[in-house]
$ cat input-v3.txt   # compact mmCIF, C-alpha atoms and all ligand atoms
# COMPACT_ATOMS: atom_id res chain seq x y z
CA MET B 25 16.85 8.60 15.08
CA ASP B 26 15.57 11.33 12.77
CA ASN B 27 16.97 10.11 9.46
CA CYS B 28 16.79 6.36 9.97
CA ILE B 29 14.56 4.75 7.31
CA PHE B 30 13.27 2.04 9.63
CA CYS B 31 12.60 4.52 12.47
CA LYS B 32 10.54 6.48 9.93
CA ILE B 33 8.53 3.35 9.15
CA VAL B 34 7.99 2.78 12.89
CA ARG B 35 6.73 6.37 13.23
CA GLY B 36 4.44 5.96 10.20
CA GLU B 37 6.36 8.57 8.18
CA LEU B 38 7.19 6.05 5.44
CA PRO B 39 4.81 3.37 4.12
CA ALA B 40 5.41 -0.32 4.66
CA ASP B 41 3.55 -3.56 3.94
CA VAL B 42 3.24 -4.55 7.58
CA VAL B 43 2.56 -8.24 8.29
CA TYR B 44 2.88 -8.19 12.09
CA GLU B 45 3.21 -5.64 14.89
CA ASN B 46 3.41 -5.69 18.65
CA ASP B 47 4.60 -3.20 21.29
CA ASN B 48 8.29 -3.78 20.61
CA LEU B 49 8.59 -5.21 17.11
CA LEU B 50 7.38 -4.61 13.58
CA ALA B 51 7.54 -6.96 10.59
CA PHE B 52 7.05 -5.82 7.00
CA ARG B 53 7.75 -7.07 3.50
CA ASP B 54 11.16 -6.24 2.11
CA ILE B 55 10.95 -3.68 -0.70
CA ASN B 56 13.50 -5.64 -2.74
CA PRO B 57 12.64 -9.29 -2.03
CA LEU B 58 15.33 -11.91 -2.48
CA ALA B 59 12.86 -14.78 -2.11
CA PRO B 60 9.11 -15.31 -2.65
CA THR B 61 8.64 -14.62 1.06
CA HIS B 62 11.01 -11.95 2.38
CA VAL B 63 10.10 -9.91 5.41
CA VAL B 64 12.21 -7.95 7.84
CA VAL B 65 11.51 -8.06 11.55
CA ILE B 66 12.74 -4.90 13.26
CA THR B 67 12.85 -3.55 16.77
CA LYS B 68 10.73 -0.43 17.25
CA LYS B 69 13.50 1.00 19.40
CA HIS B 70 16.53 2.02 17.42
CA PHE B 71 19.57 -0.20 17.77
CA THR B 72 22.17 -0.08 15.02
CA PHE B 73 22.78 -3.81 14.90
CA LEU B 74 22.98 -6.97 16.94
CA ASP B 75 26.24 -5.87 18.57
CA ASP B 76 24.26 -3.09 20.30
CA LEU B 77 22.14 -5.53 22.32
CA THR B 78 23.26 -6.10 25.90
CA GLU B 79 22.08 -8.06 28.94
CA ALA B 80 19.54 -5.26 29.43
CA GLU B 81 17.80 -6.47 26.25
CA ILE B 82 17.70 -10.15 27.17
CA GLN B 83 13.90 -10.19 27.13
CA LEU B 84 13.71 -8.31 23.85
CA ALA B 85 16.25 -10.70 22.33
CA GLY B 86 14.05 -13.66 23.21
CA GLU B 87 10.96 -11.87 21.96
CA ILE B 88 12.66 -11.30 18.60
CA LEU B 89 13.20 -15.02 18.06
CA LEU B 90 9.70 -16.04 19.10
CA THR B 91 8.20 -13.26 16.99
CA ILE B 92 10.18 -14.41 13.96
CA LYS B 93 8.69 -17.86 14.50
CA GLN B 94 5.20 -16.38 14.83
CA VAL B 95 5.62 -14.30 11.66
CA ALA B 96 6.87 -17.34 9.72
CA HIS B 97 3.83 -19.33 10.85
CA LYS B 98 1.50 -16.47 9.93
CA LEU B 99 3.03 -16.31 6.45
CA GLY B 100 2.61 -20.06 5.97
CA VAL B 101 6.28 -20.96 5.87
CA ALA B 102 6.66 -22.75 9.22
CA GLY B 103 9.56 -25.19 9.14
CA ALA B 104 10.80 -23.79 5.83
CA TYR B 105 12.48 -20.46 6.39
CA LYS B 106 15.86 -18.86 6.91
CA VAL B 107 16.76 -16.02 9.30
CA VAL B 108 19.62 -13.61 8.61
CA THR B 109 20.90 -10.50 10.34
CA ASN B 110 23.73 -8.51 8.83
CA CYS B 111 25.80 -6.99 11.62
CA GLY B 112 27.81 -4.10 10.21
CA GLU B 113 28.63 -2.75 6.77
CA ARG B 114 31.39 -5.31 6.31
CA ALA B 115 28.74 -8.02 6.66
CA GLY B 116 26.55 -6.33 4.04
CA GLN B 117 24.32 -4.27 6.33
CA MET B 118 22.81 -1.39 4.37
CA VAL B 119 20.19 -0.12 6.82
CA PRO B 120 21.78 0.68 10.18
CA HIS B 121 18.75 -0.28 12.29
CA LEU B 122 18.58 -3.75 13.84
CA HIS B 123 16.58 -6.10 11.66
CA PHE B 124 16.24 -9.78 10.86
CA HIS B 125 15.52 -11.05 7.37
CA VAL B 126 13.04 -13.92 7.17
CA LEU B 127 13.35 -15.65 3.82
CA ALA B 128 11.42 -18.55 2.37
CA GLY B 129 10.16 -20.13 -0.81
CA LYS B 130 13.50 -20.52 -2.52
CA LYS B 131 16.42 -22.89 -2.21
CA PHE B 132 19.44 -21.12 -0.80
CA ALA B 133 23.01 -22.23 -1.10
CA PRO B 134 24.04 -24.22 1.98
P1 LIG S 201 20.52 -5.06 5.14
O1 LIG S 201 21.44 -5.20 3.95
O2 LIG S 201 20.58 -6.26 6.04
O3 LIG S 201 20.73 -3.76 5.86
O4 LIG S 201 19.07 -5.09 4.54
C1 LIG S 201 18.24 -3.98 4.48
C2 LIG S 201 17.00 -4.43 3.75
O5 LIG S 201 16.02 -3.42 3.91
C3 LIG S 201 17.20 -4.66 2.27
O6 LIG S 201 16.83 -6.01 1.94
C4 LIG S 201 16.28 -3.64 1.61
O7 LIG S 201 15.67 -4.12 0.43
C5 LIG S 201 15.27 -3.38 2.72
N1 LIG S 201 14.63 -2.07 2.66
C6 LIG S 201 15.23 -0.86 2.54
N2 LIG S 201 14.32 0.12 2.57
C7 LIG S 201 13.11 -0.48 2.72
C8 LIG S 201 11.78 0.00 2.83
N3 LIG S 201 11.47 1.31 2.79
N4 LIG S 201 10.78 -0.91 2.99
C9 LIG S 201 11.06 -2.22 3.03
N5 LIG S 201 12.29 -2.73 2.96
C10 LIG S 201 13.31 -1.88 2.80
ZN ZN S 202 16.30 3.43 13.38

$ encode --input "input-v3.txt" --output "structure tokens"
Amino acid sequence: MDNCIFCKIVRGELPADVVYENDNLLAFRDINPLAPTHVVVITKKHFTFLDDLTEAEIQLAGEILLTIKQVAHKLGVAGAYKVVTNCGERAGQMVPHLHFHVLAGKKFAP
């Protein structure tokens, strides 16, 4: 995806404060943090949002969750974080590339 911001970060064309990377996923600090710890975990492959994942991505879907856990542990917020994915503009998604917000260090409304 030529003009996708997150694809550009994956390709190294835009800078990012990367906190974790493996073959399929990349995690970096959000440029506009909403909490003391705010990273986004993205797939390296372009999917627009969670609705794009199918049975073919069952392994990737599991890897996303376990990677989020690993990233949270690495950032020192194990047992004290929140995970959010906005699926679609009507849910507040601004960047149309699948990503999961990992937020910690602040009390959120229930
Ligand atoms: P969403 O509303 O779920 O699409 O969230 C997109 C998130 O990406 C927002 O929290 C933005 O602050 C963040 N963001 C946008 N561009 C960048 C960037 N270049 N580096 C890091 N985070 C970004
Ligand atoms: Zn993309």

$ closest_atom_pairs --input "input-v3.txt" --of "chain B" --to "ligand LIG 201 (chain S)" --cutoff "6 Å" --atoms "all atoms listed in the file" --output "JSON lines"
{"residue": "B:Ala40", "atom": "CA", "partner": "S:LIG201", "partner_atom": "N4", "distance": 5.7}
{"residue": "B:Arg53", "atom": "CA", "partner": "S:LIG201", "partner_atom": "C9", "distance": 5.9}
{"residue": "B:Asp54", "atom": "CA", "partner": "S:LIG201", "partner_atom": "N5", "distance": 3.8}
{"residue": "B:Ile55", "atom": "CA", "partner": "S:LIG201", "partner_atom": "C9", "distance": 4.0}
{"residue": "B:Asn56", "atom": "CA", "partner": "S:LIG201", "partner_atom": "O7", "distance": 4.1}
{"residue": "B:Asn110", "atom": "CA", "partner": "S:LIG201", "partner_atom": "O2", "distance": 4.8}
{"residue": "B:Gly116", "atom": "CA", "partner": "S:LIG201", "partner_atom": "O1", "distance": 5.2}
{"residue": "B:Gln117", "atom": "CA", "partner": "S:LIG201", "partner_atom": "O3", "distance": 3.7}
{"residue": "B:Met118", "atom": "CA", "partner": "S:LIG201", "partner_atom": "O3", "distance": 3.5}
{"residue": "B:Val119", "atom": "CA", "partner": "S:LIG201", "partner_atom": "O3", "distance": 3.8}

$ closest_residue --input "input-v3.txt" --among "B:Cys28, B:Val126, B:Thr78, B:Ala133" --to "Pro60 of chain B" --atoms "only C-alpha atoms"
B:Val126

$ closest_residue --input "input-v3.txt" --among "B:His123, B:Ala102, B:Gly112, B:Ile88" --to "ligand ZN 202 (chain S)" --atoms "all atoms listed in the file"
B:His123

$ axis_aligned_box --input "input-v3.txt" --around "segment 74-88 of chain B" --padding-each-side "6 Å" --output "JSON"
{"center_x": 18.6, "center_y": -8.4, "center_z": 23.2, "size_x": 27.3, "size_y": 22.6, "size_z": 24.5}

$ residues_near_point --input "input-v3.txt" --point "(25.4, 3.4, 14.0)" --cutoff "9 Å" --atoms "only C-alpha atoms" --output "PyMOL selection string"
chain B and resi 71-73+112+120-121

$ closest_atom_pairs --input "input-v3.txt" --of "chain B" --to "ligand ZN 202 (chain S)" --cutoff "9 Å" --atoms "all atoms listed in the file" --output "CSV"
residue,atom,partner,partner_atom,distance
B:Met25,CA,S:ZN202,ZN,5.5
B:Asp26,CA,S:ZN202,ZN,8.0
B:Asn27,CA,S:ZN202,ZN,7.8
B:Cys28,CA,S:ZN202,ZN,4.5
B:Ile29,CA,S:ZN202,ZN,6.5
B:Phe30,CA,S:ZN202,ZN,5.0
B:Cys31,CA,S:ZN202,ZN,4.0
B:Lys32,CA,S:ZN202,ZN,7.4
B:Ile33,CA,S:ZN202,ZN,8.8
B:Val34,CA,S:ZN202,ZN,8.3
B:Thr67,CA,S:ZN202,ZN,8.5
B:Lys68,CA,S:ZN202,ZN,7.8
B:Lys69,CA,S:ZN202,ZN,7.1
B:His70,CA,S:ZN202,ZN,4.3
B:Phe71,CA,S:ZN202,ZN,6.6
B:Thr72,CA,S:ZN202,ZN,7.0
B:Val119,CA,S:ZN202,ZN,8.4
B:Pro120,CA,S:ZN202,ZN,6.9
B:His121,CA,S:ZN202,ZN,4.6
B:Leu122,CA,S:ZN202,ZN,7.5

$ closest_residue --input "input-v3.txt" --among "B:Ala128, B:Leu58, B:Val42, B:Leu90" --to "Gly103 of chain B" --atoms "all atoms listed in the file"
B:Ala128

$ atom_distance --input "input-v3.txt" --atom1 "atom CA of Pro134 of chain B" --atom2 "atom CA of Leu89 of chain B"
21.5 Å

$ atom_distance --input "input-v3.txt" --atom1 "atom CA of Gly86 of chain B" --atom2 "atom CA of Lys131 of chain B"
27.1 Å

$ decode --input "input-v3.txt" --residues "segment 94-107 of chain B" --atoms "all heavy atoms" --output "compact mmCIF listing (two decimals), in the first residue's frame"
# COMPACT_ATOMS: atom_id res chain seq x y z
N GLN B 94 3.56 -9.77 25.24
CA GLN B 94 5.03 -9.67 25.33
C GLN B 94 5.48 -8.21 25.37
O GLN B 94 6.37 -7.85 26.15
CB GLN B 94 5.62 -10.37 24.10
CG GLN B 94 7.01 -10.87 24.27
CD GLN B 94 7.42 -11.71 23.07
OE1 GLN B 94 6.61 -12.41 22.47
NE2 GLN B 94 8.68 -11.62 22.69
N VAL B 95 4.87 -7.39 24.54
CA VAL B 95 5.22 -5.96 24.49
C VAL B 95 4.88 -5.31 25.83
O VAL B 95 5.68 -4.54 26.39
CB VAL B 95 4.49 -5.25 23.33
CG1 VAL B 95 4.57 -3.74 23.45
CG2 VAL B 95 5.04 -5.71 21.99
N ALA B 96 3.70 -5.63 26.36
CA ALA B 96 3.30 -5.05 27.66
C ALA B 96 4.29 -5.44 28.74
O ALA B 96 4.68 -4.61 29.58
CB ALA B 96 1.89 -5.50 28.01
N HIS B 97 4.73 -6.69 28.74
CA HIS B 97 5.71 -7.13 29.74
C HIS B 97 7.02 -6.38 29.55
O HIS B 97 7.62 -5.92 30.52
CB HIS B 97 5.92 -8.64 29.63
CG HIS B 97 4.83 -9.44 30.28
ND1 HIS B 97 5.05 -10.39 31.26
CD2 HIS B 97 3.49 -9.41 30.09
CE1 HIS B 97 3.91 -10.91 31.65
NE2 HIS B 97 2.94 -10.33 30.95
N LYS B 98 7.45 -6.24 28.29
CA LYS B 98 8.71 -5.56 28.00
C LYS B 98 8.66 -4.10 28.47
O LYS B 98 9.66 -3.54 28.92
CB LYS B 98 8.97 -5.61 26.49
CG LYS B 98 10.32 -5.10 26.09
CD LYS B 98 10.59 -5.31 24.61
CE LYS B 98 11.93 -4.70 24.25
NZ LYS B 98 12.15 -4.67 22.80
N LEU B 99 7.49 -3.49 28.38
CA LEU B 99 7.35 -2.08 28.77
C LEU B 99 7.06 -1.93 30.26
O LEU B 99 6.87 -0.81 30.74
CB LEU B 99 6.24 -1.42 27.94
CG LEU B 99 6.51 -1.35 26.43
CD1 LEU B 99 5.31 -0.76 25.70
CD2 LEU B 99 7.77 -0.53 26.14
N GLY B 100 7.00 -3.04 30.98
CA GLY B 100 6.83 -2.98 32.43
C GLY B 100 5.42 -2.70 32.90
O GLY B 100 5.22 -2.21 34.00
N VAL B 101 4.44 -3.05 32.06
CA VAL B 101 3.05 -2.78 32.45
C VAL B 101 2.22 -4.06 32.50
O VAL B 101 0.99 -4.02 32.36
CB VAL B 101 2.40 -1.72 31.53
CG1 VAL B 101 3.12 -0.39 31.67
CG2 VAL B 101 2.35 -2.16 30.07
N ALA B 102 2.88 -5.19 32.71
CA ALA B 102 2.15 -6.47 32.78
C ALA B 102 1.03 -6.38 33.80
O ALA B 102 1.21 -5.83 34.89
CB ALA B 102 3.12 -7.58 33.17
N GLY B 103 -0.13 -6.89 33.44
CA GLY B 103 -1.26 -6.91 34.37
C GLY B 103 -1.90 -5.56 34.59
O GLY B 103 -2.71 -5.40 35.50
N ALA B 104 -1.54 -4.57 33.76
CA ALA B 104 -2.03 -3.20 34.01
C ALA B 104 -2.19 -2.42 32.72
O ALA B 104 -1.84 -1.25 32.65
CB ALA B 104 -1.06 -2.49 34.95
N TYR B 105 -2.71 -3.08 31.71
CA TYR B 105 -2.83 -2.39 30.42
C TYR B 105 -4.17 -2.68 29.76
O TYR B 105 -4.89 -3.59 30.14
CB TYR B 105 -1.67 -2.79 29.49
CG TYR B 105 -1.60 -4.27 29.16
CD1 TYR B 105 -2.16 -4.76 27.99
CD2 TYR B 105 -0.96 -5.16 30.01
CE1 TYR B 105 -2.09 -6.12 27.68
CE2 TYR B 105 -0.89 -6.50 29.72
CZ TYR B 105 -1.45 -6.98 28.55
OH TYR B 105 -1.39 -8.32 28.26
N LYS B 106 -4.45 -1.85 28.76
CA LYS B 106 -5.71 -1.94 28.03
C LYS B 106 -5.38 -2.07 26.55
O LYS B 106 -4.43 -1.46 26.06
CB LYS B 106 -6.47 -0.63 28.28
CG LYS B 106 -7.87 -0.53 27.71
CD LYS B 106 -8.40 0.88 28.05
CE LYS B 106 -9.84 1.03 27.64
NZ LYS B 106 -10.75 0.56 28.70
N VAL B 107 -6.16 -2.87 25.83
CA VAL B 107 -5.94 -3.09 24.39
C VAL B 107 -7.18 -2.64 23.63
O VAL B 107 -8.29 -3.03 23.99
CB VAL B 107 -5.67 -4.58 24.08
CG1 VAL B 107 -5.42 -4.78 22.59
CG2 VAL B 107 -4.51 -5.10 24.91
